[in-house]
Amino acid sequence: MTAKLIRNAYEAALTMTAVLLSWGVALWLEGAVGLHTDVLVLAVALTLTLSSTQRTADTRRRLIALVLLPVTAGASILVGRLIASHYALGAAVYTAAMALAVWIRRYGPVATKIGTLLALPLVALLVVPGPALPPKAQSGLVTWGWSALVGAVACGGVWLVQGLGDRFAPRSWRAEPDPGQPPRRSRLHPRPSTRMALQMAAGIAAAFAVGRLFFDDHWPWVVLTAYVAASGNRGRTDVLRKGVERLAGATTGTLLAAGVASVGITGGISVALMFAVLAVALWLRPLNYAYWAAGMTCALSLLLGYFGQDALRLLPIRLEGIAVGAVLSVASAWWLLPVARARAPRRQPVPGTTSPVS
């Protein structure tokens, strides 16, 4: 266990170093060209999620990421604008894009990685979307062009930090390129990728509808939880487990953030505390997903508090949204073309190689 915690700490340190590097570049851009603070949020979210997917990537996969991530980051901003102006149409486009990212897994490991890159900026969009910001902050949101640049910065930061880290780290800690496994034939009809795509679409579409009807501008909490619980679907039990862990972790994280807000920690101190919470959550995540859910939820609460939201007042609404999103995702996985649990033993990933939001 001690060796595992040390290795986890190394992986978490690499990720947080890349995050702080991207954040620093975005902070400079914000001041140099007059961008809004949400460019910092985008830089942190993209770097945090990209770090895991690129940990064992070979040169070809990294070049694919360098092309796709800036493009999809820019496109995600346009999707966010569409949701803000035409909610139903934007929700439909978002849902279709997420389903596509899952469906193309049928074409092998490279297609699976491409699907992940397509989803990353869309997940980042849910972290602090326009409607979640105060009205005075919504007029200066980052444009698609700057978003694409931030995507390229995230790629460069992740590769630089991981490359330097592995060069000087002990050999046993270094990540070797993963050639990927060819897709295995399945007797299920429709194929598992099609089933998971339909489940994802149903869960997210329902989350958009319920979120708008009952949670107003806080609909992202419902949608994000629906995505998290359904991503990497390995069967009914897996989705149920992740839904429960997400809810338990989110409850703990929200209570922690509410406690911080109650003692009056604001401004730059809350931002520093947010990064510290993320580092601890990354360190403990391989032990249990609930640690990551708690850390992410606490960090998001601190971030929204920085933007002026009242964490204590929003505590019940946030927990309700997370619970509803988990229920919707579990329901779609259990009753809409359920995926049979794989009999083969699950290969243990290198710490930090799985998506931080899944």
# chains A, B, ... in the order shown; residues from 1 in each chain; ligands from 1
>>> residues_around(residues="Thr72 of chain A", least_positions_apart="2", cutoff="9 Å", atoms="only C-alpha atoms", output="PyMOL selection string")
chain A and resi 68-70+74-77+117-122+148+151
>>> residues_around(residues="Met16 of chain A", least_positions_apart="2", cutoff="8 Å", atoms="only C-alpha atoms", output="list in words")
Ala12, Ala13, Leu14, Ala18, Val19, Leu20, Leu48, Phe275, Leu278 and Ala279 of chain A
>>> write_last_selection(atoms="C-alpha atoms", output="PDB file, in the first residue's frame")
ATOM      1  CA  ALA A  12      -0.806  13.397  -8.961  1.00  0.00           C
ATOM      2  CA  ALA A  13       2.256  15.673  -8.843  1.00  0.00           C
ATOM      3  CA  LEU A  14       2.705  15.388 -12.614  1.00  0.00           C
ATOM      4  CA  ALA A  18       0.756  20.484 -15.756  1.00  0.00           C
ATOM      5  CA  VAL A  19      -2.457  22.066 -14.451  1.00  0.00           C
ATOM      6  CA  LEU A  20      -0.567  24.911 -12.764  1.00  0.00           C
ATOM      7  CA  LEU A  48      -6.821  17.916 -15.747  1.00  0.00           C
ATOM      8  CA  PHE A 275      -5.764  23.381  -6.089  1.00  0.00           C
ATOM      9  CA  LEU A 278      -7.569  18.648  -6.338  1.00  0.00           C
ATOM     10  CA  ALA A 279      -4.054  17.400  -5.561  1.00  0.00           C
TER      11      ALA A 279
END
>>> residues_around(residues="Met98 of chain A", least_positions_apart="2", cutoff="9 Å", atoms="only C-alpha atoms", output="CSV table (one decimal) with C-alpha atoms, in the first residue's frame")
chain,number,residue,atom,x,y,z
A,93,VAL,CA,-26.4,18.6,-30.2
A,94,TYR,CA,-24.6,18.0,-27.0
A,95,THR,CA,-26.3,14.6,-26.4
A,96,ALA,CA,-25.6,13.5,-30.0
A,100,LEU,CA,-21.0,9.6,-31.0
A,101,ALA,CA,-17.9,9.7,-28.8
A,102,VAL,CA,-19.0,6.3,-27.3
A,103,TRP,CA,-20.4,4.7,-30.5
A,115,GLY,CA,-13.9,9.6,-28.9
A,118,LEU,CA,-14.2,14.6,-28.5
A,119,ALA,CA,-15.8,14.3,-25.1
A,122,LEU,CA,-17.8,18.9,-23.7
A,197,ALA,CA,-24.1,5.0,-26.8
A,200,MET,CA,-25.5,7.6,-22.7
A,201,ALA,CA,-27.8,9.5,-25.0
A,204,ILE,CA,-28.0,12.7,-20.8
A,227,TYR,CA,-22.3,11.4,-17.8
>>> atom_distance(atom1="atom CA of Thr112 of chain A", atom2="atom CA of Phe208 of chain A")
24.9 Å
>>> residues_around(residues="Arg236 of chain A", least_positions_apart="5", cutoff="12 Å", atoms="only C-alpha atoms", output="PyMOL selection string")
chain A and resi 196+199+229-230+241-243+329-342
>>> write_last_selection(atoms="N, CA, C and O atoms", output="compact mmCIF listing (two decimals), in the first residue's frame")
# COMPACT_ATOMS: atom_id res chain seq x y z
N MET A 196 -24.06 1.12 -25.29
CA MET A 196 -23.57 2.16 -24.39
C MET A 196 -23.85 3.56 -24.92
O MET A 196 -24.14 4.48 -24.15
N GLN A 199 -27.50 4.23 -24.26
CA GLN A 199 -27.68 4.49 -22.83
C GLN A 199 -27.18 5.88 -22.45
O GLN A 199 -27.83 6.60 -21.68
N ALA A 229 -21.59 8.71 -14.29
CA ALA A 229 -22.03 7.37 -13.90
C ALA A 229 -22.08 6.42 -15.08
O ALA A 229 -21.85 5.21 -14.92
N ALA A 230 -22.35 6.94 -16.29
CA ALA A 230 -22.49 6.07 -17.46
C ALA A 230 -21.18 5.84 -18.19
O ALA A 230 -21.06 4.87 -18.96
N ARG A 241 -22.67 1.20 -8.94
CA ARG A 241 -21.58 1.49 -8.00
C ARG A 241 -21.08 2.92 -8.18
O ARG A 241 -20.91 3.67 -7.20
N LYS A 242 -20.83 3.32 -9.44
CA LYS A 242 -20.32 4.66 -9.68
C LYS A 242 -21.33 5.72 -9.30
O LYS A 242 -20.97 6.81 -8.82
N GLY A 243 -22.61 5.43 -9.52
CA GLY A 243 -23.64 6.38 -9.12
C GLY A 243 -23.65 6.60 -7.61
O GLY A 243 -23.74 7.73 -7.14
N SER A 329 -28.99 7.92 -14.92
CA SER A 329 -27.96 7.13 -15.58
C SER A 329 -28.10 5.65 -15.25
O SER A 329 -27.99 4.79 -16.14
N VAL A 330 -28.35 5.34 -14.00
CA VAL A 330 -28.53 3.95 -13.59
C VAL A 330 -29.76 3.34 -14.27
O VAL A 330 -29.73 2.21 -14.75
N ALA A 331 -30.83 4.11 -14.36
CA ALA A 331 -32.06 3.61 -14.99
C ALA A 331 -31.82 3.27 -16.46
O ALA A 331 -32.27 2.22 -16.96
N SER A 332 -31.10 4.14 -17.18
CA SER A 332 -30.85 3.87 -18.60
C SER A 332 -29.94 2.66 -18.79
O SER A 332 -30.11 1.88 -19.73
N ALA A 333 -28.97 2.46 -17.88
CA ALA A 333 -28.07 1.32 -17.98
C ALA A 333 -28.75 0.01 -17.63
O ALA A 333 -28.40 -1.05 -18.16
N TRP A 334 -29.71 0.05 -16.73
CA TRP A 334 -30.38 -1.17 -16.29
C TRP A 334 -31.50 -1.62 -17.21
O TRP A 334 -31.73 -2.81 -17.37
N TRP A 335 -32.19 -0.68 -17.84
CA TRP A 335 -33.39 -1.05 -18.58
C TRP A 335 -33.35 -0.75 -20.07
O TRP A 335 -34.25 -1.16 -20.79
N LEU A 336 -32.32 -0.08 -20.54
CA LEU A 336 -32.21 0.17 -21.98
C LEU A 336 -31.02 -0.61 -22.53
O LEU A 336 -29.88 -0.20 -22.40
N LEU A 337 -31.29 -1.76 -23.14
CA LEU A 337 -30.26 -2.58 -23.75
C LEU A 337 -29.05 -2.75 -22.83
O LEU A 337 -27.92 -2.35 -23.16
N PRO A 338 -29.23 -3.36 -21.65
CA PRO A 338 -28.11 -3.48 -20.70
C PRO A 338 -26.94 -4.25 -21.28
O PRO A 338 -27.11 -5.17 -22.09
N VAL A 339 -25.74 -3.85 -20.87
CA VAL A 339 -24.50 -4.49 -21.33
C VAL A 339 -24.12 -5.57 -20.34
O VAL A 339 -24.04 -5.31 -19.13
N ALA A 340 -23.89 -6.77 -20.85
CA ALA A 340 -23.50 -7.87 -19.97
C ALA A 340 -22.12 -7.62 -19.41
O ALA A 340 -21.23 -7.11 -20.09
N ARG A 341 -21.93 -7.99 -18.16
CA ARG A 341 -20.63 -7.80 -17.52
C ARG A 341 -19.60 -8.73 -18.15
O ARG A 341 -19.85 -9.91 -18.35
N ALA A 342 -18.41 -8.15 -18.47
CA ALA A 342 -17.36 -8.95 -19.10
C ALA A 342 -16.85 -10.01 -18.14
O ALA A 342 -16.66 -9.76 -16.95
>>> residues_around(residues="Glu320 of chain A", least_positions_apart="2", cutoff="12 Å", atoms="only C-alpha atoms", output="number ranges by chain")
A: 210-211, 214-215, 218-219, 221-222, 225, 247, 250-251, 254, 314-318, 322-327
>>> write_last_selection(atoms="C-alpha atoms", output="PDB file, in the first residue's frame")
ATOM      1  CA  VAL A 210     -35.200  17.156 -15.854  1.00  0.00           C
ATOM      2  CA  GLY A 211     -32.421  19.640 -15.115  1.00  0.00           C
ATOM      3  CA  PHE A 214     -36.569  21.346 -11.859  1.00  0.00           C
ATOM      4  CA  PHE A 215     -33.097  22.885 -11.422  1.00  0.00           C
ATOM      5  CA  HIS A 218     -28.142  24.429 -12.141  1.00  0.00           C
ATOM      6  CA  TRP A 219     -28.964  21.781 -14.766  1.00  0.00           C
ATOM      7  CA  TRP A 221     -25.037  19.177 -12.018  1.00  0.00           C
ATOM      8  CA  VAL A 222     -27.649  16.714 -13.257  1.00  0.00           C
ATOM      9  CA  THR A 225     -23.515  13.200 -12.933  1.00  0.00           C
ATOM     10  CA  LEU A 247     -23.349  10.724  -4.658  1.00  0.00           C
ATOM     11  CA  ALA A 250     -20.275  14.690  -3.784  1.00  0.00           C
ATOM     12  CA  THR A 251     -22.122  14.894  -0.475  1.00  0.00           C
ATOM     13  CA  THR A 254     -20.159  19.789  -0.790  1.00  0.00           C
ATOM     14  CA  LEU A 314     -27.042  25.805  -2.866  1.00  0.00           C
ATOM     15  CA  LEU A 315     -26.105  22.699  -0.862  1.00  0.00           C
ATOM     16  CA  PRO A 316     -29.549  20.998  -0.986  1.00  0.00           C
ATOM     17  CA  ILE A 317     -30.042  21.820  -4.678  1.00  0.00           C
ATOM     18  CA  ARG A 318     -26.606  20.487  -5.605  1.00  0.00           C
ATOM     19  CA  ILE A 322     -26.415  14.846  -8.292  1.00  0.00           C
ATOM     20  CA  ALA A 323     -28.855  12.255  -6.944  1.00  0.00           C
ATOM     21  CA  VAL A 324     -31.249  12.755  -9.858  1.00  0.00           C
ATOM     22  CA  GLY A 325     -28.446  12.502 -12.423  1.00  0.00           C
ATOM     23  CA  ALA A 326     -27.204   9.253 -10.857  1.00  0.00           C
ATOM     24  CA  VAL A 327     -30.714   7.750 -10.866  1.00  0.00           C
TER      25      VAL A 327
END
